[in-house]
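> Structure provided below as structure tokens; questions to follow.
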Amino acid sequence: MTGLVWSQEFSVASVEELQGAATSIGSRLAAGDLLILTGELGAGKTTFTQGLGRGLGVREGIISPTFVLVRNHPSLADGPALVHVDAYRLESDSEIDDLDLESTLDSSVTVVEWGSGRVEHLAESWLHITLVRPAASPAAGSPAGQAAPTDDDDDEPRQVRIEAFGPRWVDQQLGALV
């Protein structure tokens, strides 16, 4: 496994700032890049991916691929397509392999929600992006320390941590994003 090359952490105050940071990151991505998104339910993984899509210049309409597992968003320019994956319901490595992500990995930017520890083998370099909403009181039925997101707090602050792995990112810092 490839080791950590660099990491950075920053806060965003709103969904707009989260998408703005993701748009900036998306504009710096290239075909073959793999991003792994981690965060609790409602942390903003799909919202972040929408910003990435804007930065990449792909077709609008990015929504969670929870029930279809993989959504392809073609480029509207000369850039790579965005392949958006939700691995939440996948239970085994063979189910990940059945998605055949290798067939589009070199020609697309691939974003995998819930992919930590499951898809790193697909590429020699990747970005692991963790999104954290501030801890509120735990919701009934939620594990201790986890708050249930509500519709009226989507615009609350989030902490974003980006960890870069592999040779692709050795000389590629993302710089100030917000």
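Residues are named by chain letter and number: chains run A, B, ... in the order of the structure tokens, numbers start at 1 in each chain, and ligands are numbered from 1 in the order shown.
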Excluding range 37-48 of chain A and its own-chain neighbours fewer than 4 positions away, which residues fall within 10 Å of it when counting only C-alpha atoms? Please give them as a PyMOL selection string.
chain A and resi 15-23+26+52-53+62-65+84-86+111-116+127-134+146-151+153-154+158-162
> Can I get the selected residues back with N, CA and C atoms, as a compact mmCIF listing (two decimals), in the first residue's frame?

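What follows is the written file result.txt:
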# COMPACT_ATOMS: atom_id res chain seq x y z
N VAL A 15 -22.90 24.98 2.93
CA VAL A 15 -22.94 24.11 1.77
C VAL A 15 -22.28 24.81 0.58
N GLU A 16 -22.55 26.09 0.44
CA GLU A 16 -21.97 26.87 -0.66
C GLU A 16 -20.43 26.84 -0.60
N GLU A 17 -19.86 27.01 0.60
CA GLU A 17 -18.41 26.95 0.73
C GLU A 17 -17.88 25.54 0.48
N LEU A 18 -18.62 24.51 0.92
CA LEU A 18 -18.22 23.12 0.67
C LEU A 18 -18.17 22.86 -0.83
N GLN A 19 -19.21 23.27 -1.54
CA GLN A 19 -19.24 23.06 -2.98
C GLN A 19 -18.18 23.91 -3.68
N GLY A 20 -17.92 25.09 -3.17
CA GLY A 20 -16.87 25.93 -3.76
C GLY A 20 -15.49 25.28 -3.64
N ALA A 21 -15.19 24.73 -2.47
CA ALA A 21 -13.92 24.02 -2.28
C ALA A 21 -13.85 22.81 -3.21
N ALA A 22 -14.95 22.07 -3.31
CA ALA A 22 -14.98 20.89 -4.18
C ALA A 22 -14.84 21.29 -5.64
N THR A 23 -15.43 22.41 -6.04
CA THR A 23 -15.29 22.90 -7.42
C THR A 23 -13.83 23.20 -7.72
N GLY A 26 -12.09 19.91 -8.08
CA GLY A 26 -12.49 19.29 -9.34
C GLY A 26 -11.77 19.87 -10.53
N LEU A 52 -17.48 18.93 -7.17
CA LEU A 52 -16.44 18.32 -8.01
C LEU A 52 -16.90 18.30 -9.47
N GLY A 53 -18.15 17.91 -9.67
CA GLY A 53 -18.70 17.85 -11.03
C GLY A 53 -18.66 19.20 -11.72
N ILE A 62 -26.08 15.74 -10.53
CA ILE A 62 -25.43 14.73 -9.70
C ILE A 62 -26.28 14.50 -8.45
N ILE A 63 -26.74 13.26 -8.28
CA ILE A 63 -27.47 12.86 -7.09
C ILE A 63 -26.83 11.59 -6.55
N SER A 64 -27.21 11.23 -5.36
CA SER A 64 -26.62 10.06 -4.72
C SER A 64 -26.89 8.79 -5.55
N PRO A 65 -25.86 7.98 -5.74
CA PRO A 65 -26.05 6.71 -6.47
C PRO A 65 -26.42 5.55 -5.55
N HIS A 84 -19.46 8.24 -10.29
CA HIS A 84 -19.85 8.45 -8.89
C HIS A 84 -20.41 7.14 -8.36
N VAL A 85 -19.78 6.60 -7.32
CA VAL A 85 -20.10 5.28 -6.78
C VAL A 85 -20.52 5.40 -5.32
N ASP A 86 -21.49 4.61 -4.92
CA ASP A 86 -21.87 4.50 -3.51
C ASP A 86 -21.66 3.05 -3.09
N VAL A 111 -15.19 8.78 -8.04
CA VAL A 111 -15.48 9.18 -6.67
C VAL A 111 -16.28 8.05 -6.03
N VAL A 112 -15.77 7.53 -4.90
CA VAL A 112 -16.44 6.42 -4.22
C VAL A 112 -16.82 6.85 -2.81
N GLU A 113 -18.13 7.00 -2.58
CA GLU A 113 -18.62 7.24 -1.23
C GLU A 113 -18.60 5.92 -0.48
N TRP A 114 -18.22 5.97 0.79
CA TRP A 114 -18.17 4.78 1.65
C TRP A 114 -17.14 3.76 1.14
N GLY A 115 -16.10 4.22 0.47
CA GLY A 115 -15.14 3.29 -0.13
C GLY A 115 -13.88 3.05 0.68
N SER A 116 -13.73 3.71 1.82
CA SER A 116 -12.50 3.59 2.60
C SER A 116 -12.24 2.13 2.99
N LEU A 127 -7.05 10.30 -3.39
CA LEU A 127 -7.33 11.26 -2.33
C LEU A 127 -8.40 10.67 -1.44
N HIS A 128 -8.15 10.71 -0.13
CA HIS A 128 -9.16 10.28 0.84
C HIS A 128 -9.69 11.56 1.49
N ILE A 129 -10.97 11.83 1.30
CA ILE A 129 -11.57 13.07 1.80
C ILE A 129 -12.61 12.71 2.85
N THR A 130 -12.41 13.26 4.05
CA THR A 130 -13.31 13.00 5.16
C THR A 130 -14.09 14.27 5.47
N LEU A 131 -15.40 14.14 5.55
CA LEU A 131 -16.29 15.26 5.86
C LEU A 131 -16.92 15.00 7.23
N VAL A 132 -16.84 16.00 8.11
CA VAL A 132 -17.37 15.85 9.46
C VAL A 132 -18.27 17.03 9.78
N ARG A 133 -19.48 16.73 10.18
CA ARG A 133 -20.39 17.76 10.68
C ARG A 133 -20.14 17.88 12.18
N PRO A 134 -20.38 19.05 12.74
CA PRO A 134 -20.15 19.20 14.18
C PRO A 134 -21.04 18.24 14.97
N GLN A 146 -23.06 10.22 17.53
CA GLN A 146 -23.49 10.53 16.17
C GLN A 146 -24.83 11.25 16.22
N ALA A 147 -24.87 12.39 15.60
CA ALA A 147 -26.12 13.13 15.54
C ALA A 147 -26.83 12.80 14.24
N ALA A 148 -28.13 12.77 14.30
CA ALA A 148 -28.90 12.55 13.08
C ALA A 148 -29.03 13.87 12.35
N PRO A 149 -28.70 13.91 11.06
CA PRO A 149 -28.85 15.15 10.32
C PRO A 149 -30.32 15.49 10.14
N THR A 150 -30.59 16.77 10.11
CA THR A 150 -31.95 17.21 9.84
C THR A 150 -31.93 18.13 8.65
N ASP A 151 -33.09 18.29 8.01
CA ASP A 151 -33.18 19.11 6.81
C ASP A 151 -32.83 20.56 7.06
N ASP A 153 -30.49 21.82 9.03
CA ASP A 153 -29.11 22.15 9.42
C ASP A 153 -28.11 21.80 8.31
N ASP A 154 -28.59 21.70 7.08
CA ASP A 154 -27.69 21.41 5.97
C ASP A 154 -26.62 22.46 5.79
N ARG A 158 -18.77 22.45 8.42
CA ARG A 158 -18.19 21.12 8.30
C ARG A 158 -16.68 21.24 8.34
N GLN A 159 -16.05 20.19 8.79
CA GLN A 159 -14.60 20.07 8.77
C GLN A 159 -14.27 19.13 7.61
N VAL A 160 -13.29 19.50 6.79
CA VAL A 160 -12.90 18.70 5.64
C VAL A 160 -11.42 18.35 5.80
N ARG A 161 -11.11 17.07 5.72
CA ARG A 161 -9.72 16.61 5.77
C ARG A 161 -9.42 15.88 4.47
N ILE A 162 -8.34 16.29 3.81
CA ILE A 162 -7.91 15.66 2.57
C ILE A 162 -6.57 15.00 2.83
> Residues of chain A classed as helix (DSSP H, G or I) by DSSP on the backbone are to be reported as a VMD selection string.
chain A and resid 15 to 26 45 to 56 93 to 98 102 to 105 120 to 122 151 to 153 167 to 169
> Find the residues around Val5 in chain A up to 7 Å (only C-alpha atoms counted), leave out those fewer than 2 positions away in its own chain, and share them as a VMD selection string.
chain A and resid 3 164 to 166 169 to 170
> Next, write the just-selected residues to a file, as a compact mmCIF listing (two decimals), in the first residue's frame, keeping C-alpha atoms as the atom set.

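Everything below was put into part-v7.txt:
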# COMPACT_ATOMS: atom_id res chain seq x y z
CA GLY A 3 1.84 5.82 2.14
CA ALA A 164 -3.20 12.32 -0.50
CA PHE A 165 -1.65 8.93 -1.24
CA GLY A 166 0.68 7.87 -4.03
CA TRP A 169 0.15 13.71 -5.40
CA VAL A 170 3.83 14.11 -4.45
> Using only C-alpha atoms, which protein or nucleic acid residues come within 9 Å of range 93-101 of chain A? Drop anything in the same chain fewer than 4 positions from it, and give the result as JSON, numbers by chain.
{"A": [69, 70, 83, 87, 105, 110, 118, 119, 122]}
